[in-house]
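Visitor: Take this structure first; my questions come after.
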Amino acid sequence: DQIIAIHNSQLLVLNGSGLEPWSNDVLADVPSSVNVVSASDGLATLEGEDHEHAHEEDEHHEEEEAVTDPHVWLSPKLAKIQVQKITDAFIKADPIHADAYTTHSQTLQDRLAELDAEYEVGLAQCTSRVIITAHTAFAYLASTYGLEQLSIAGLTPDAEPSLSELGEIADFALQNNVQYIFFESLVSPKLSETIAREVGAQTLVLNPLEGLTDEQIADGQDYFTVMRENLTNLRTALQCQ
C-alpha cells in the first residue's frame with residue numbers, strides 16, 4: 001500500500017544517505033511524475049562506524065565498515081538547509097502554492113536559526129567538550145558546536161560493540177573525567193548504564209529524534225522541544241556556564 005501511495009504521489013521526501021534502506025529498490029520503479037528530494041544531499045559528509053557485523057568475542061571481531069552518517073537533522077544549522085531543499089521540492093511539485101510554501105518555510109527556518117543561536121551560546125563555555133553517546137548519531141551536532149563524540153554502538157542503534165570496545169570506552173571516560181553517559185529513550189539503556197557504573201558516572205538522555213511515540217506527540221513534543229531538552233542535558237553533562 002505504501003509503495004502504491006508513493007507511485008501515486010507528487011512528491012517523495014527522503015532524508016537520504018542510507019537512512020531509508022528501502023529507497024533504492026522503490027525508486028527504481030517510481031514514475032517520472034513523482035518528484036523526489038533527498039534532503040541530506042551535499043550535507044551528509046561525515047562517516048560513521050557500522051558495528052552491525054561485529055561479534056561479541058574479540059577473536060571473532062570483524063573489521064568495521066565506514067558508511068555515510070545520515071543524522072544531518074541533529075545540527076540545526078544543517079536542518080535549516082534541509083528545510084530549504086524540501087521547500088524547493090514542494091514548489092517544483094506544486095508551483096501554484098509557491099508563496100505559501102515560501103512563507104511557512106521562512107517561519108520554520110527562523111525558528112531553526114533561533115535554536116542554533118541557543119546551542120551556540122549554551123555550549124560556548126563548558127568544562128568538558130566530550131560526549132559519550134549510545135550510538136553514532138550526534139557527529140554533525142558535535143562538529144557544528146565544537147564537541148567530540150565517542151559512541152558505544154555504531155550507526156545502527158541496536159548493534160552491540162565488542163568487549164574490547166566497551167573497555168576502551170570505559171578507559172576513555174576515566175581518562176577524560178566524563179561525568180555522564182548518554183542513552184536514548186527508544187533504545188535499551190543497558191550498555192550506557194553498564195559503562196556509567198564502571199566509571200562512576202551518571203546517565204542522561206540524548207534523543208536523536210529517530211521516532212517520537214504517539215504519547216510524546218500528544219503531549220506536545222516535537223523537534224524543537226526535544227532539541228532544547230538535548231541542549232539542557234548537554235549543558236549538564238559538559239558543566240557549561
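By convention in this document, the chains of the C-alpha cells carry letters A, B, ... by their order, each chain's residues are numbered from 1, and ligands are numbered from 1 in the order they are shown.
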Tell me, as JSON, numbers by chain, which residues lie within 12 Å of Asp99 (chain A), counting only C-alpha atoms; anything in the same chain fewer than 6 positions away does not count.
Guide: {"A": [87, 88, 90, 91, 105, 106]}
Visitor: Could you save those same residues with N, CA, C and O atoms as an mmCIF file, in the first residue's frame?
Guide:
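What ended up in part10.cif:
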```
data_model
loop_
_atom_site.group_PDB
_atom_site.id
_atom_site.type_symbol
_atom_site.label_atom_id
_atom_site.label_comp_id
_atom_site.auth_asym_id
_atom_site.auth_seq_id
_atom_site.Cartn_x
_atom_site.Cartn_y
_atom_site.Cartn_z
ATOM 1 N N THR A 87 11.566 22.741 0.690
ATOM 2 C CA THR A 87 10.719 23.820 0.189
ATOM 3 C C THR A 87 10.812 23.927 -1.323
ATOM 4 O O THR A 87 9.784 24.040 -2.026
ATOM 5 N N ASP A 88 12.027 23.901 -1.845
ATOM 6 C CA ASP A 88 12.220 23.982 -3.297
ATOM 7 C C ASP A 88 11.511 22.831 -4.004
ATOM 8 O O ASP A 88 10.927 23.019 -5.093
ATOM 9 N N PHE A 90 8.800 21.196 -2.879
ATOM 10 C CA PHE A 90 7.356 21.452 -2.828
ATOM 11 C C PHE A 90 6.951 22.437 -3.930
ATOM 12 O O PHE A 90 5.929 22.251 -4.602
ATOM 13 N N ILE A 91 7.737 23.485 -4.102
ATOM 14 C CA ILE A 91 7.414 24.492 -5.109
ATOM 15 C C ILE A 91 7.491 23.901 -6.514
ATOM 16 O O ILE A 91 6.650 24.205 -7.381
ATOM 17 N N SER A 105 8.040 28.152 5.099
ATOM 18 C CA SER A 105 9.434 27.732 5.172
ATOM 19 C C SER A 105 10.277 28.762 5.902
ATOM 20 O O SER A 105 11.124 28.416 6.736
ATOM 21 N N GLN A 106 10.039 30.038 5.625
ATOM 22 C CA GLN A 106 10.815 31.081 6.288
ATOM 23 C C GLN A 106 10.555 31.091 7.789
ATOM 24 O O GLN A 106 11.477 31.288 8.592
#
```
Visitor: Could you please determine the separation between CA of Asp110 (chain A) and CA of Leu123 (chain A) in Å, to one decimal place?
Guide: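 Rounded to one decimal, the two atoms are 20.0 Å apart.
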Visitor: May I ask which of the residues A:Val34, A:Leu212, A:Ala139, A:Ile169 is the closest one to Glu47 (chain A), counting only C-alpha atoms?
Guide: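 Looking at the shortest contact to Glu47 (chain A), the residue is A:Ala139.
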Visitor: Using only C-alpha atoms, find the one residue out of A:Ser151, A:Ser128, A:Ser192, A:Ser164 that sits nearest to Asn177 (chain A).
Guide: A:Ser128
Visitor: Would you give me, as a tab-separated table (two decimals) with all heavy atoms, in the first residue's frame, the residues in region 210-239 of chain A that DSSP reads as alpha helix (DSSP H)?
Guide:
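New file part_17.tsv:
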```
chain	number	residue	atom	x	y	z
A	214	ASP	N	3.48	8.06	20.08
A	214	ASP	CA	2.20	8.76	19.97
A	214	ASP	C	1.92	9.57	21.22
A	214	ASP	O	1.37	10.68	21.15
A	214	ASP	CB	1.06	7.76	19.73
A	214	ASP	CG	1.15	7.10	18.37
A	214	ASP	OD1	1.81	7.67	17.46
A	214	ASP	OD2	0.56	6.01	18.19
A	215	GLU	N	2.31	9.02	22.36
A	215	GLU	CA	2.09	9.72	23.62
A	215	GLU	C	2.92	11.01	23.69
A	215	GLU	O	2.44	12.04	24.17
A	215	GLU	CB	2.43	8.81	24.80
A	215	GLU	CG	1.48	7.65	25.02
A	215	GLU	CD	1.71	6.50	24.04
A	215	GLU	OE1	2.75	6.51	23.35
A	215	GLU	OE2	0.85	5.60	23.96
A	216	GLN	N	4.16	10.93	23.23
A	216	GLN	CA	5.02	12.13	23.23
A	216	GLN	C	4.47	13.21	22.31
A	216	GLN	O	4.47	14.40	22.67
A	216	GLN	CB	6.44	11.75	22.82
A	216	GLN	CG	7.20	10.94	23.86
A	216	GLN	CD	8.53	10.45	23.33
A	216	GLN	OE1	8.63	9.97	22.20
A	216	GLN	NE2	9.58	10.58	24.13
A	217	ILE	N	3.98	12.81	21.15
A	217	ILE	CA	3.42	13.79	20.21
A	217	ILE	C	2.16	14.41	20.79
A	217	ILE	O	1.95	15.63	20.70
A	217	ILE	CB	3.13	13.10	18.86
A	217	ILE	CG1	4.46	12.67	18.21
A	217	ILE	CG2	2.36	14.04	17.94
A	217	ILE	CD1	4.27	11.81	16.98
A	218	ALA	N	1.30	13.58	21.40
A	218	ALA	CA	0.08	14.08	22.02
A	218	ALA	C	0.40	15.04	23.16
A	218	ALA	O	-0.38	15.95	23.47
A	218	ALA	CB	-0.78	12.93	22.52
A	223	TYR	N	10.33	18.45	17.29
A	223	TYR	CA	11.76	18.66	17.08
A	223	TYR	C	12.33	19.70	18.03
A	223	TYR	O	13.39	19.51	18.64
A	223	TYR	CB	12.00	19.08	15.62
A	223	TYR	CG	13.44	19.38	15.28
A	223	TYR	CD1	14.29	18.37	14.83
A	223	TYR	CD2	13.96	20.67	15.40
A	223	TYR	CE1	15.61	18.64	14.52
A	223	TYR	CE2	15.27	20.95	15.08
A	223	TYR	CZ	16.10	19.94	14.65
A	223	TYR	OH	17.41	20.21	14.35
A	224	PHE	N	11.62	20.80	18.18
A	224	PHE	CA	12.15	21.91	18.96
A	224	PHE	C	12.17	21.62	20.46
A	224	PHE	O	13.13	21.96	21.16
A	224	PHE	CB	11.37	23.20	18.66
A	224	PHE	CG	11.59	23.68	17.26
A	224	PHE	CD1	10.71	23.35	16.24
A	224	PHE	CD2	12.70	24.45	16.94
A	224	PHE	CE1	10.91	23.78	14.95
A	224	PHE	CE2	12.92	24.89	15.65
A	224	PHE	CZ	12.02	24.55	14.65
A	225	THR	N	11.11	21.00	20.97
A	225	THR	CA	11.10	20.68	22.41
A	225	THR	C	12.18	19.66	22.74
A	225	THR	O	12.87	19.78	23.75
A	225	THR	CB	9.73	20.15	22.86
A	225	THR	OG1	9.44	18.91	22.20
A	225	THR	CG2	8.63	21.15	22.55
A	226	VAL	N	12.35	18.66	21.88
A	226	VAL	CA	13.35	17.62	22.14
A	226	VAL	C	14.76	18.18	22.01
A	226	VAL	O	15.63	17.89	22.83
A	226	VAL	CB	13.16	16.42	21.18
A	226	VAL	CG1	14.32	15.43	21.32
A	226	VAL	CG2	11.83	15.72	21.47
A	227	MET	N	15.00	19.02	21.01
A	227	MET	CA	16.33	19.58	20.84
A	227	MET	C	16.69	20.51	22.00
A	227	MET	O	17.86	20.59	22.39
A	227	MET	CB	16.41	20.33	19.51
A	227	MET	CG	16.50	19.41	18.29
A	227	MET	SD	17.99	18.36	18.26
A	227	MET	CE	19.25	19.60	17.88
A	228	ARG	N	15.72	21.18	22.56
A	228	ARG	CA	16.01	22.02	23.73
A	228	ARG	C	16.26	21.16	24.97
A	228	ARG	O	17.10	21.51	25.81
A	228	ARG	CB	14.88	23.02	23.95
A	228	ARG	CG	14.88	24.13	22.89
A	228	ARG	CD	13.92	25.27	23.19
A	228	ARG	NE	14.20	26.39	22.29
A	228	ARG	CZ	13.54	26.64	21.16
A	228	ARG	NH1	12.53	25.85	20.80
A	228	ARG	NH2	13.88	27.68	20.40
A	229	GLU	N	15.56	20.04	25.09
A	229	GLU	CA	15.86	19.09	26.17
A	229	GLU	C	17.27	18.54	26.00
A	229	GLU	O	18.01	18.38	26.98
A	229	GLU	CB	14.83	17.96	26.19
A	229	GLU	CG	13.44	18.39	26.64
A	229	GLU	CD	12.42	17.28	26.45
A	229	GLU	OE1	12.80	16.19	25.98
A	229	GLU	OE2	11.24	17.51	26.78
A	230	ASN	N	17.64	18.23	24.76
A	230	ASN	CA	19.00	17.76	24.49
A	230	ASN	C	20.04	18.80	24.91
A	230	ASN	O	21.07	18.47	25.51
A	230	ASN	CB	19.17	17.45	23.00
A	230	ASN	CG	18.56	16.13	22.58
A	230	ASN	OD1	18.24	15.28	23.43
A	230	ASN	ND2	18.38	15.94	21.29
A	231	LEU	N	19.77	20.06	24.61
A	231	LEU	CA	20.70	21.13	24.98
A	231	LEU	C	20.83	21.23	26.50
A	231	LEU	O	21.95	21.37	27.02
A	231	LEU	CB	20.23	22.46	24.40
A	231	LEU	CG	21.06	23.70	24.77
A	231	LEU	CD1	22.52	23.52	24.37
A	231	LEU	CD2	20.46	24.96	24.13
A	232	THR	N	19.72	21.14	27.20
A	232	THR	CA	19.76	21.18	28.67
A	232	THR	C	20.62	20.05	29.21
A	232	THR	O	21.47	20.26	30.11
A	232	THR	CB	18.34	21.08	29.25
A	232	THR	OG1	17.59	22.23	28.84
A	232	THR	CG2	18.37	21.01	30.76
A	233	ASN	N	20.45	18.84	28.68
A	233	ASN	CA	21.22	17.70	29.16
A	233	ASN	C	22.69	17.79	28.76
A	233	ASN	O	23.57	17.38	29.52
A	233	ASN	CB	20.60	16.40	28.65
A	233	ASN	CG	19.28	16.09	29.33
A	233	ASN	OD1	18.94	16.68	30.36
A	233	ASN	ND2	18.51	15.16	28.78
A	234	LEU	N	22.96	18.32	27.59
A	234	LEU	CA	24.35	18.54	27.18
A	234	LEU	C	25.03	19.52	28.11
A	234	LEU	O	26.18	19.32	28.53
A	234	LEU	CB	24.41	19.04	25.75
A	234	LEU	CG	24.21	18.01	24.64
A	234	LEU	CD1	24.00	18.70	23.29
A	234	LEU	CD2	25.40	17.06	24.56
A	235	ARG	N	24.34	20.60	28.46
A	235	ARG	CA	24.92	21.61	29.34
A	235	ARG	C	25.21	21.02	30.73
A	235	ARG	O	26.22	21.34	31.34
A	235	ARG	CB	23.99	22.81	29.45
A	235	ARG	CG	24.04	23.71	28.23
A	235	ARG	CD	23.03	24.87	28.31
A	235	ARG	NE	23.12	25.59	29.56
A	235	ARG	CZ	24.05	26.50	29.85
A	235	ARG	NH1	24.98	26.79	28.95
A	235	ARG	NH2	24.06	27.11	31.02
A	236	THR	N	24.32	20.14	31.19
A	236	THR	CA	24.54	19.48	32.48
A	236	THR	C	25.77	18.57	32.41
A	236	THR	O	26.65	18.61	33.27
A	236	THR	CB	23.31	18.66	32.88
A	236	THR	OG1	22.19	19.53	33.06
A	236	THR	CG2	23.56	17.88	34.17
A	237	ALA	N	25.83	17.74	31.38
A	237	ALA	CA	26.91	16.76	31.25
A	237	ALA	C	28.26	17.43	31.05
A	237	ALA	O	29.28	16.96	31.56
A	237	ALA	CB	26.62	15.81	30.09
A	238	LEU	N	28.28	18.53	30.29
A	238	LEU	CA	29.54	19.20	29.97
A	238	LEU	C	29.90	20.31	30.95
A	238	LEU	O	30.92	20.96	30.81
A	238	LEU	CB	29.46	19.77	28.55
A	238	LEU	CG	29.22	18.74	27.44
A	238	LEU	CD1	29.07	19.43	26.09
A	238	LEU	CD2	30.34	17.71	27.39
```
Visitor: Rounded to one decimal in Å, what is the spacing between CA of Val178 (chain A) and CA of Gln221 (chain A)?
Guide: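 Separation of CA of Val178 (chain A) and CA of Gln221 (chain A): 28.9 Å.
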Visitor: Go through A:Gln10, A:Thr144, A:Thr213, A:Thr133 and flag the residue nearest Leu46 (chain A), using only C-alpha atoms for the distances.
Guide: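 Looking only at the distances to Leu46 (chain A), the closest residue turns out to be A:Thr144.
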Visitor: Residues within 10 Å of Ala124 (chain A), please, as a VMD selection string. Count only C-alpha atoms; anything in the same chain fewer than 5 positions from it doesn't count.
Guide: chain A and resid 118 to 119 129 145 to 146 235 240 to 241
Visitor: In Å, rounded to a single decimal, give me how far CA of Glu210 (chain A) is from CA of Ala39 (chain A).
Guide: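 If I compute the distance from CA of Ala39 (chain A) to CA of Glu210 (chain A), I get 15.4 Å.
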Visitor: Of the residues A:Pro31, A:Ser17, A:Asp94, A:Tyr140, which is the one nearest to Lys77 (chain A), using only C-alpha atoms?
Guide: A:Tyr140
Visitor: According to DSSP computed on the backbone, where in region 14-233 of chain A is there strand (DSSP E or B)? Give the residues as a PyMOL selection string.
Guide: chain A and resi 14+35-38+47-50+65-68+126+130-133+148-151+180-183+202-205
Visitor: Would you mind telling me which residue in A:Pro208, A:Gly18, A:Pro95, A:Gly42 lies nearest to Val67 (chain A) when using only C-alpha atoms?
Guide: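 Of all the options, A:Gly18 lies closest to Val67 (chain A).
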Visitor: Applying 7 Å and only C-alpha atoms, which residues near Leu204 (chain A) remain after dropping the ones on its own chain fewer than 6 positions away? List them as a short mmCIF file (atom, residue, chain, number, x, y, z; two decimals) with N, CA, C and O atoms, in the first residue's frame.
Guide:
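Result file is out03.cif:
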```cif
data_model
loop_
_atom_site.label_atom_id
_atom_site.label_comp_id
_atom_site.auth_asym_id
_atom_site.auth_seq_id
_atom_site.Cartn_x
_atom_site.Cartn_y
_atom_site.Cartn_z
N TYR A 180 28.90 11.95 32.71
CA TYR A 180 27.59 11.47 32.26
C TYR A 180 27.76 10.65 30.98
O TYR A 180 28.51 11.03 30.08
N ILE A 181 27.03 9.53 30.90
CA ILE A 181 26.97 8.70 29.70
C ILE A 181 25.55 8.84 29.15
O ILE A 181 24.57 8.67 29.88
N PHE A 182 25.43 9.15 27.87
CA PHE A 182 24.11 9.38 27.28
C PHE A 182 23.48 8.08 26.78
O PHE A 182 24.16 7.20 26.25
N PHE A 183 22.17 7.96 26.96
CA PHE A 183 21.40 6.87 26.36
C PHE A 183 20.20 7.48 25.63
O PHE A 183 19.97 8.68 25.68
N ASN A 233 20.45 18.84 28.68
CA ASN A 233 21.22 17.70 29.16
C ASN A 233 22.69 17.79 28.76
O ASN A 233 23.57 17.38 29.52
#
```
Visitor: Just checking: using only C-alpha atoms, which residue out of A:Ala134, A:Leu163, A:Ala100, A:Ala79 ends up closest to Leu150 (chain A)?
Guide: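 Going through A:Ala134, A:Leu163, A:Ala100, A:Ala79 one by one, the smallest distance to Leu150 (chain A) is for A:Ala134.
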